[in-house]
Every structure is written in C-alpha cells, then in structure tokens.
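K.L.:
So that we are looking at the same thing, I have put the structure below in structure tokens.
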Number of protein chains: 6
Amino acid sequence: MPYVNIKITREGATGEQKAELIAGVTDLLVRVLDKNPATTHVVIGEVALENWGVGGLRVQAFRAQSQG
Amino acid sequence: MPYVNIKITREGATGEQKAELIAGVTDLLVRVLDKNPATTHVVIGEVALENWGVGGLRVQAFRAQSQG
Amino acid sequence: MPYVNIKITREGATGEQKAELIAGVTDLLVRVLDKNPATTHVVIGEVALENWGVGGLRVQAFRAQSQG
Amino acid sequence: MPYVNIKITREGATGEQKAELIAGVTDLLVRVLDKNPATTHVVIGEVALENWGVGGLRVQAFRAQSQG
Amino acid sequence: MPYVNIKITREGATGEQKAELIAGVTDLLVRVLDKNPATTHVVIGEVALENWGVGGLRVQAFRAQSQG
Amino acid sequence: MPYVNIKITREGATGEQKAELIAGVTDLLVRVLDKNPATTHVVIGEVALENWGVGGLRVQAFRAQSQG
C-alpha cells in the first residue's frame, strides 16, 4: 500500500539514479515495515529551480546567499 | 470543497479522456456526498514513466518483468 | 498505476460512502483509461473544517457569508 | 519545518511573481507561527489548463460557461 | 483555481492563526496573480512531530541536536 | 531541498520504525543525489484503513478477497 512521493529540484537526475531511489525506498519499506513491493508505489516529482523556495528566496538566490 | 488529485503515468491521455475523468469524478462526489460541483476541483497530474516505480522497479521494467 | 487522492472536509462521510467513492473512481479509470484496478490506489483525506479555507475565510465562515 | 505547495494553472506566472509568492508565504509563516525561514519550503506547481477541472468541466469550458 | 496546501508540525496552532494563514495566502494570490478568492482553496495539514523528519532525524531529535 | 512524503496505512508503525524510515530515505538521497540532509524533509502520513482503496475495494476487503 505505501505511496511515496519524492520531490526534488530538476537538476539532471539520471534514469539510473531514479531507478536507485525507487529500489532503495522500496527495499526500506519492505525491511522496516514488511510492506509488499508489488503494491508499493514511488513517484518522483522534479520541480523547476524557479518554482522552489526556501528561506523566502528562490533556490538559486538562497544558494548564492548561503555561499555569499 | 473537494479537491481530487489524479496521478497517472504520461501515456497519451487525450483532452476528451481528461474531460471525462473530471466530469465522472465530480458527478460521483455530487451523487455520493452531495458536494457542490462549483467548489469541486479535480487536478490531473501526468508523471513520466521514468519517474514512477512499483515493485522496486521503474514502470517499464516492472511491466516487462510481469510479462516475462 | 493511478494514484488518486480525494481531499474532503471531515463532515461524517460513512464507510459505505467511502467504499462507493473508491469503487466509482476505480471503475472510471478502468473505463476511460483502461487502467488495471489491482494497481489503482485511491486515498481519502478528511480535513477538519477549521483547516480548510476558501474565499479567504475558513469554511464555516465562508458558508455563513454565502448564506448571509 | 513548514512545507507549502501552491498549485496554480500554467498561465504565464513570471519569475518575479513566483519570487513574490515565495517571499510572501514565508513572511506570513514567520509572522503568524514564528517559523524559521531557513526550514520553510515553498513549492509552486503549474498545471496545464487541460488538466484542471472545476464544476465538472475543464477550466476553459468552465470559464466560458461562467461568462456565457 | 489555486489550491494551496500548508503542511506544518502539529504544535498548537490556534483557530485564529489558521484563519490568518488562510486570509494571508489568499490575499497574496489575489494581489500577485489576480486570482479569484472564491475559487482559491487553502488546506492546512498538521503533522505529528513524530512523523516529520529533517537532517535524517525526527524533528524533536533534530532540534535537540541543533541546540546541543 | 528534497521533500519526501511517505503515505502508509495506519497499522501501528512505531516511533523507532518511523525514525528508521526517515534516516533511511535521507541517507539514500545523500548517497544517490548528494543532497544536503539539513534541507531534506521526510513526512510520514498515516491513513486509516477505511480511507485507502485498491482494486476498487477498501484495503480490508481487498486483502480478504486476495486471501479468499
């Protein structure tokens, strides 16, 4: 039954990395909560940098400020 | 008030099919819970196949394995 | 693969009504998009009236204003 | 800790408008609930008009009907 | 059309504070994107502290570590 | 930046199991995508069995049918 939604900024995650995230999260739910992999769904949402804010700023501005 | 989010894999759902889903879900909420259609929102999210995992695999791999 | 999240205000929806919503949404996705019921998940989220706002007001205040 | 997801129809919101939404929501959470901006995330999701329904119709049809 | 989901840890936010968040977010969307308040929905989700993790730890542990 | 929402049925997951999920998902995102743990949020949502449907049935009925 688990449904896992992973939201990340769109910064070039490869197909292999996504496959690794899907496998890793599913294994974790099987190991920790004994969930059935066949009914465990993992959905990755990639968000444009311009659409993600933290610290009141858009990500690029937040990162620039943090490295300032 | 209802807000319904329908997440499907991006596999060519047409405008007419989306309209049918929106109408069908809204009618269901009116019939079953007497909700007001004017404040019932239905949002369809289409997810790239590469970004949806089930059974620890990405959808294409899961389907191939199931048909194997 | 579909994952459907139905958010409604918590106003006493019965188990039978929830079962009807789950069956109805699943049938709709099977009929319109030929989806597999066994991998179609429907999750109902019930939200306290105090936590839902529309028109800049909490639901009870919005309804009172609309009937005013 | 707050995570705010703002779903809007994709109708040309500019980078500056998105920055204003991110700053405004973060300031609101700081002022009202004394939240830490550095751990307050705001994510904007833009939805194609074809994928958003209200009143049982897709947005364009609903707007046309409302202005009819 | 906007639908805004505000997820916060369940730490005693009052009805008045929730009303202030709902009004503030709606005003912001009206001012910045000229949205219609009557179709702007704001839903507040309160999450048990035990169910929210950051820095690989549950919130209480993360806060204790940050103040350590 | 990642925000991970893990939706599971409410079936007695312990505090330790939740801590293990939070740590495991965070470690995975650090290892696979080199994400910063301090800005990686993991939120666990527990859904009443009556509110989760699969195969057109509520979970208890689906499980009973599968074991039938």
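Residues are named by chain letter and number: chains run A, B, ... in the order of the structure tokens, numbers start at 1 in each chain, and ligands are numbered from 1 in the order shown.
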Within 12 Å of segment 39-61 of chain C, which residues of segment 41-63 of chain B show up? Give each one with its shortest atom-to-atom distance in Å (one decimal) and the two atoms involved, counting only C-alpha atoms, rows by chain then rising residue number, as CSV.
P.N.:
```
residue,atom,partner,partner_atom,distance
B:Gly53,CA,C:Thr39,CA,11.6
B:Val54,CA,C:Thr39,CA,9.0
B:Gly55,CA,C:Thr39,CA,10.7
B:Val59,CA,C:Thr39,CA,11.4
B:Phe62,CA,C:Thr39,CA,11.9
B:Arg63,CA,C:Thr39,CA,11.8
```
K.L.:
Write a file of the selected residues as a PDB file, in the first residue's frame, keeping N, CA and C atoms.
P.N.:
```pdb
ATOM      1  N   GLY B  53       7.674   4.308  -9.986  1.00  0.00           N
ATOM      2  CA  GLY B  53       8.191   2.968  -9.666  1.00  0.00           C
ATOM      3  C   GLY B  53       7.171   2.136  -8.921  1.00  0.00           C
ATOM      4  N   VAL B  54       7.177   0.830  -9.181  1.00  0.00           N
ATOM      5  CA  VAL B  54       6.327  -0.120  -8.441  1.00  0.00           C
ATOM      6  C   VAL B  54       7.074  -1.446  -8.386  1.00  0.00           C
ATOM      7  N   GLY B  55       6.945  -2.172  -7.269  1.00  0.00           N
ATOM      8  CA  GLY B  55       7.690  -3.416  -7.144  1.00  0.00           C
ATOM      9  C   GLY B  55       9.195  -3.196  -7.123  1.00  0.00           C
ATOM     10  N   VAL B  59       8.411   1.652 -13.993  1.00  0.00           N
ATOM     11  CA  VAL B  59       7.221   1.029 -14.592  1.00  0.00           C
ATOM     12  C   VAL B  59       7.564   0.152 -15.798  1.00  0.00           C
ATOM     13  N   PHE B  62       9.030  -2.975 -14.613  1.00  0.00           N
ATOM     14  CA  PHE B  62       8.033  -3.774 -13.878  1.00  0.00           C
ATOM     15  C   PHE B  62       7.093  -4.487 -14.842  1.00  0.00           C
ATOM     16  N   ARG B  63       6.678  -3.742 -15.885  1.00  0.00           N
ATOM     17  CA  ARG B  63       5.752  -4.348 -16.859  1.00  0.00           C
ATOM     18  C   ARG B  63       6.459  -5.467 -17.631  1.00  0.00           C
TER      19      ARG B  63
END
```
K.L.:
Could you make a table, as JSON lines, of the residues of chain D that have an atom within 12 Å of an atom of segment 14-34 of chain E, each with its nearest atom pair and distance in Å to one decimal, counting only C-alpha atoms, in chain and number order?
P.N.:
```
{"residue": "D:Val4", "atom": "CA", "partner": "E:Val25", "partner_atom": "CA", "distance": 10.5}
{"residue": "D:Asn5", "atom": "CA", "partner": "E:Val25", "partner_atom": "CA", "distance": 11.5}
{"residue": "D:Ile6", "atom": "CA", "partner": "E:Val25", "partner_atom": "CA", "distance": 9.7}
{"residue": "D:Lys7", "atom": "CA", "partner": "E:Leu29", "partner_atom": "CA", "distance": 11.0}
{"residue": "D:Ile8", "atom": "CA", "partner": "E:Leu33", "partner_atom": "CA", "distance": 9.6}
{"residue": "D:Thr9", "atom": "CA", "partner": "E:Leu33", "partner_atom": "CA", "distance": 10.8}
{"residue": "D:Arg10", "atom": "CA", "partner": "E:Leu33", "partner_atom": "CA", "distance": 11.5}
{"residue": "D:Glu11", "atom": "CA", "partner": "E:Leu33", "partner_atom": "CA", "distance": 9.7}
{"residue": "D:Gly12", "atom": "CA", "partner": "E:Leu33", "partner_atom": "CA", "distance": 9.8}
{"residue": "D:Ala13", "atom": "CA", "partner": "E:Leu33", "partner_atom": "CA", "distance": 7.4}
{"residue": "D:Thr14", "atom": "CA", "partner": "E:Leu33", "partner_atom": "CA", "distance": 9.6}
{"residue": "D:Gly15", "atom": "CA", "partner": "E:Val32", "partner_atom": "CA", "distance": 11.7}
{"residue": "D:Glu16", "atom": "CA", "partner": "E:Val32", "partner_atom": "CA", "distance": 9.6}
{"residue": "D:Gln17", "atom": "CA", "partner": "E:Val32", "partner_atom": "CA", "distance": 6.3}
{"residue": "D:Lys18", "atom": "CA", "partner": "E:Val32", "partner_atom": "CA", "distance": 8.7}
{"residue": "D:Ala19", "atom": "CA", "partner": "E:Val32", "partner_atom": "CA", "distance": 10.1}
{"residue": "D:Glu20", "atom": "CA", "partner": "E:Val32", "partner_atom": "CA", "distance": 7.3}
{"residue": "D:Leu21", "atom": "CA", "partner": "E:Leu28", "partner_atom": "CA", "distance": 6.9}
{"residue": "D:Ile22", "atom": "CA", "partner": "E:Leu28", "partner_atom": "CA", "distance": 10.1}
{"residue": "D:Ala23", "atom": "CA", "partner": "E:Leu28", "partner_atom": "CA", "distance": 10.2}
{"residue": "D:Gly24", "atom": "CA", "partner": "E:Leu28", "partner_atom": "CA", "distance": 6.8}
{"residue": "D:Val25", "atom": "CA", "partner": "E:Val25", "partner_atom": "CA", "distance": 6.5}
{"residue": "D:Thr26", "atom": "CA", "partner": "E:Val25", "partner_atom": "CA", "distance": 10.1}
{"residue": "D:Asp27", "atom": "CA", "partner": "E:Gly24", "partner_atom": "CA", "distance": 10.0}
{"residue": "D:Leu28", "atom": "CA", "partner": "E:Gly24", "partner_atom": "CA", "distance": 6.8}
{"residue": "D:Leu29", "atom": "CA", "partner": "E:Leu21", "partner_atom": "CA", "distance": 7.4}
{"residue": "D:Val30", "atom": "CA", "partner": "E:Leu21", "partner_atom": "CA", "distance": 10.6}
{"residue": "D:Arg31", "atom": "CA", "partner": "E:Leu21", "partner_atom": "CA", "distance": 9.7}
{"residue": "D:Val32", "atom": "CA", "partner": "E:Gln17", "partner_atom": "CA", "distance": 6.3}
{"residue": "D:Leu33", "atom": "CA", "partner": "E:Gln17", "partner_atom": "CA", "distance": 7.3}
{"residue": "D:Asp34", "atom": "CA", "partner": "E:Gln17", "partner_atom": "CA", "distance": 10.9}
```
K.L.:
Okay, now the selection with N, CA, C and O atoms, as a short mmCIF file (atom, residue, chain, number, x, y, z; two decimals), in the first residue's frame?
P.N.:
```cif
data_model
loop_
_atom_site.label_atom_id
_atom_site.label_comp_id
_atom_site.auth_asym_id
_atom_site.auth_seq_id
_atom_site.Cartn_x
_atom_site.Cartn_y
_atom_site.Cartn_z
N VAL D 4 5.01 24.23 1.95
CA VAL D 4 3.81 24.80 1.32
C VAL D 4 3.83 24.48 -0.17
O VAL D 4 4.81 24.77 -0.86
N ASN D 5 2.74 23.86 -0.64
CA ASN D 5 2.63 23.55 -2.06
C ASN D 5 1.55 24.43 -2.67
O ASN D 5 0.40 24.36 -2.24
N ILE D 6 1.93 25.27 -3.60
CA ILE D 6 0.98 26.18 -4.26
C ILE D 6 0.72 25.66 -5.67
O ILE D 6 1.62 25.66 -6.50
N LYS D 7 -0.50 25.19 -5.91
CA LYS D 7 -0.85 24.67 -7.24
C LYS D 7 -1.64 25.75 -7.98
O LYS D 7 -2.69 26.19 -7.50
N ILE D 8 -1.14 26.15 -9.13
CA ILE D 8 -1.83 27.15 -9.95
C ILE D 8 -1.91 26.64 -11.39
O ILE D 8 -1.11 25.79 -11.79
N THR D 9 -2.86 27.18 -12.16
CA THR D 9 -2.91 26.83 -13.58
C THR D 9 -1.71 27.49 -14.27
O THR D 9 -1.29 28.60 -13.88
N ARG D 10 -1.15 26.81 -15.28
CA ARG D 10 0.01 27.35 -16.01
C ARG D 10 -0.50 28.44 -16.98
O ARG D 10 -0.96 28.12 -18.08
N GLU D 11 -0.40 29.70 -16.53
CA GLU D 11 -0.89 30.82 -17.34
C GLU D 11 0.11 31.98 -17.34
O GLU D 11 -0.27 33.15 -17.30
N GLY D 12 1.42 31.64 -17.37
CA GLY D 12 2.43 32.68 -17.59
C GLY D 12 2.91 33.41 -16.34
O GLY D 12 3.41 34.54 -16.43
N ALA D 13 2.80 32.80 -15.17
CA ALA D 13 3.35 33.45 -13.97
C ALA D 13 4.85 33.69 -14.18
O ALA D 13 5.58 32.79 -14.59
N THR D 14 5.30 34.92 -13.92
CA THR D 14 6.71 35.26 -14.18
C THR D 14 7.60 34.85 -13.01
O THR D 14 7.12 34.59 -11.91
N GLY D 15 8.89 34.85 -13.25
CA GLY D 15 9.85 34.54 -12.19
C GLY D 15 9.70 35.51 -11.01
O GLY D 15 9.76 35.09 -9.85
N GLU D 16 9.45 36.76 -11.32
CA GLU D 16 9.31 37.77 -10.25
C GLU D 16 8.05 37.48 -9.43
O GLU D 16 8.06 37.57 -8.20
N GLN D 17 6.97 37.11 -10.12
CA GLN D 17 5.74 36.80 -9.38
C GLN D 17 5.96 35.58 -8.48
O GLN D 17 5.50 35.55 -7.33
N LYS D 18 6.66 34.58 -8.99
CA LYS D 18 6.93 33.39 -8.17
C LYS D 18 7.79 33.76 -6.96
O LYS D 18 7.53 33.31 -5.84
N ALA D 19 8.78 34.62 -7.18
CA ALA D 19 9.62 35.06 -6.06
C ALA D 19 8.76 35.79 -5.02
O ALA D 19 8.95 35.60 -3.80
N GLU D 20 7.80 36.57 -5.51
CA GLU D 20 6.93 37.33 -4.59
C GLU D 20 6.04 36.37 -3.77
O GLU D 20 5.82 36.57 -2.58
N LEU D 21 5.54 35.32 -4.42
CA LEU D 21 4.72 34.33 -3.70
C LEU D 21 5.57 33.64 -2.63
O LEU D 21 5.14 33.49 -1.49
N ILE D 22 6.78 33.23 -3.00
CA ILE D 22 7.66 32.52 -2.06
C ILE D 22 7.97 33.42 -0.86
O ILE D 22 7.85 33.01 0.30
N ALA D 23 8.34 34.67 -1.14
CA ALA D 23 8.67 35.60 -0.04
C ALA D 23 7.44 35.88 0.82
O ALA D 23 7.50 35.83 2.05
N GLY D 24 6.30 36.08 0.17
CA GLY D 24 5.07 36.42 0.90
C GLY D 24 4.60 35.31 1.81
O GLY D 24 4.25 35.53 2.98
N VAL D 25 4.60 34.06 1.29
CA VAL D 25 4.16 32.93 2.11
C VAL D 25 5.13 32.71 3.28
O VAL D 25 4.71 32.47 4.42
N THR D 26 6.43 32.84 3.00
CA THR D 26 7.42 32.63 4.07
C THR D 26 7.25 33.69 5.16
O THR D 26 7.21 33.37 6.35
N ASP D 27 7.12 34.95 4.76
CA ASP D 27 6.92 36.03 5.75
C ASP D 27 5.68 35.77 6.59
O ASP D 27 5.68 35.97 7.81
N LEU D 28 4.63 35.30 5.95
CA LEU D 28 3.37 35.03 6.66
C LEU D 28 3.58 33.96 7.74
O LEU D 28 3.14 34.10 8.87
N LEU D 29 4.29 32.90 7.39
CA LEU D 29 4.52 31.80 8.36
C LEU D 29 5.46 32.25 9.49
O LEU D 29 5.33 31.81 10.63
N VAL D 30 6.39 33.13 9.16
CA VAL D 30 7.27 33.68 10.21
C VAL D 30 6.45 34.56 11.15
O VAL D 30 6.50 34.40 12.37
N ARG D 31 5.63 35.42 10.58
CA ARG D 31 4.86 36.38 11.38
C ARG D 31 3.78 35.67 12.21
O ARG D 31 3.63 35.91 13.40
N VAL D 32 3.03 34.76 11.59
CA VAL D 32 1.88 34.16 12.29
C VAL D 32 2.29 33.02 13.21
O VAL D 32 1.78 32.88 14.33
N LEU D 33 3.20 32.18 12.78
CA LEU D 33 3.55 30.98 13.58
C LEU D 33 5.01 30.98 14.05
O LEU D 33 5.49 29.97 14.56
N ASP D 34 5.72 32.10 13.81
CA ASP D 34 7.12 32.21 14.28
C ASP D 34 8.00 31.08 13.72
O ASP D 34 8.88 30.54 14.40
#
```
K.L.:
From a DSSP pass on the backbone, collect the residues of segment 6-63 of chain C flagged as strand (DSSP E) and hand them back as a ChimeraX atom specification.
P.N.:
/C:6-9,41-47,52-54,57-58
K.L.:
Please run DSSP on the backbone and report, as number ranges by chain, all residues within segment 6-41 of chain D that come out as alpha helix (DSSP H).
P.N.:
D: 15-33
K.L.:
Do you have the atom CA of Pro37 of chain B-atom CA of Met1 of chain E distance handy?
P.N.:
13.5 Å
